[in-house]
Amino acid sequence: PAGASVCCLTAGIFGVGRLALWESSAAGVRVTAADTLGSWSADGTWSPNPAGYVDDEMRLDSYGLLRLSERAQIFALVPMVLNRRAVGDHASSAGGLGDIELGVRYEALMAGEQRWLPALGLTGAVLLPSGVRPEEAKERLATDATGRSALGAAGALNAEQFFGPAFARLDVGGTVFAPFVRSDLRQAQRYGPSLAASVSAGATPTSGLLLGAMLGVVHDLPLAIGNVPVADSAATLGSAGGFVSWTPSAHWTVLASASSGLFLDDLRQNRPGR
């Protein structure tokens, strides 16, 4: 297997990326760490964490891609989550398997196929309820909660244009979730649809090295319990980040990135600040 090209390592709602034209398969591991500095309320008010409050998350995502044809490929992502929280004299660390993602990508228009048109890709995925929801957590401070654990279906459109050693990319997509019965309330709950968009761009200043930046926003519509929308349960967060990629050989790619939520009005609501 070979490592996917760096411009294609887009995670979450947009899948795990795509294979380069010469690749038949790829596998990788992504390690992320997030430190919560505070949170935004339903009206966008920022509240920093009080002294002694800790809310950290670490993730290890294992993923693989397999080419089915020149235009079609499948992928899988298996996340492991570790949470660490502390409030006053209480502290807890726990984790486990998150929500597994299985998907397919189809290249509707491949890079260079039409001179003046960007490459266009369509991604579809299924999110499996393999994680643990917060209300089902057993550990103190719910540190063993690892996902939404609701069956979901995601779709996205990816547009990518190359300009010599540089590229620009646009991703838009959404996810809908099936209802489930909460064991604590004995009522059906449905997460609201999640909408996401991001733009990214980068360039290769020298062979094997790529530098880039991205802007993104995710908006979750209100969830419903018993078919009744829950007030102030919508969530929005804009983010910005940068990344660097190094490809020491045709079969290996090392990618490092850093990102943060944006402290901008209308781009922050009901989200932790990380």
# chains A, B, ... in the order shown; residues from 1 in each chain; ligands from 1
>>> residues_around(residues="A:Ala188", least_positions_apart="4", cutoff="8 Å", atoms="only C-alpha atoms", output="PyMOL selection string")
chain A and resi 179-182+225-227
>>> residues_around(residues="stretch 48-63 of chain A", least_positions_apart="3", cutoff="7 Å", atoms="only C-alpha atoms", output="list in words")
Ala27, Gly28, Val29, Arg30, Val31, Thr32, Ala33, Ala34, Asp35, Thr36, Leu37, Gly38, Ser39, Ala76, Leu77, Val78, Pro79, Met80, Val81, Leu82, Asn83, Arg84, Arg85, Ala86, Val87 and Gly88 of chain A
>>> residues_around(residues="A:Leu66", least_positions_apart="2", cutoff="12 Å", atoms="only C-alpha atoms", output="list of chain:residue names")
A:Pro1, A:Ala2, A:Gly3, A:Ala4, A:Val16, A:Gly17, A:Arg18, A:Leu19, A:Ala20, A:Glu23, A:Ser24, A:Ser25, A:Ala26, A:Ala27, A:Tyr63, A:Gly64, A:Leu68, A:Ser69, A:Glu70, A:Arg71, A:Ala72, A:Gln73, A:Ile74, A:Phe75, A:Ala76, A:Leu102, A:Gly103, A:Val104, A:Arg105
>>> closest_residue(among="A:Leu195, A:Leu185, A:Ala234, A:Ala119", to="A:Glu136", atoms="only C-alpha atoms")
A:Leu185
>>> closest_residue(among="A:Asp89, A:Asp99, A:Asp43, A:Asp232", to="A:Leu127", atoms="only C-alpha atoms")
A:Asp99
>>> atom_distance(atom1="atom CA of A:Val172", atom2="atom CA of A:Ala196")
5.8 Å
>>> select_by_dssp(residues="stretch 58-249 of chain A", states="strand (DSSP E)", output="number ranges by chain")
A: 58-67, 72-87, 90-97, 101-109, 119-127, 152-163, 166-177, 180-182, 187-190, 194-206, 209-220, 224-225, 228-229, 235-249
>>> closest_residue(among="A:Pro272, A:Gly95, A:Gly202, A:Pro222", to="A:Arg140", atoms="only C-alpha atoms")
A:Gly95
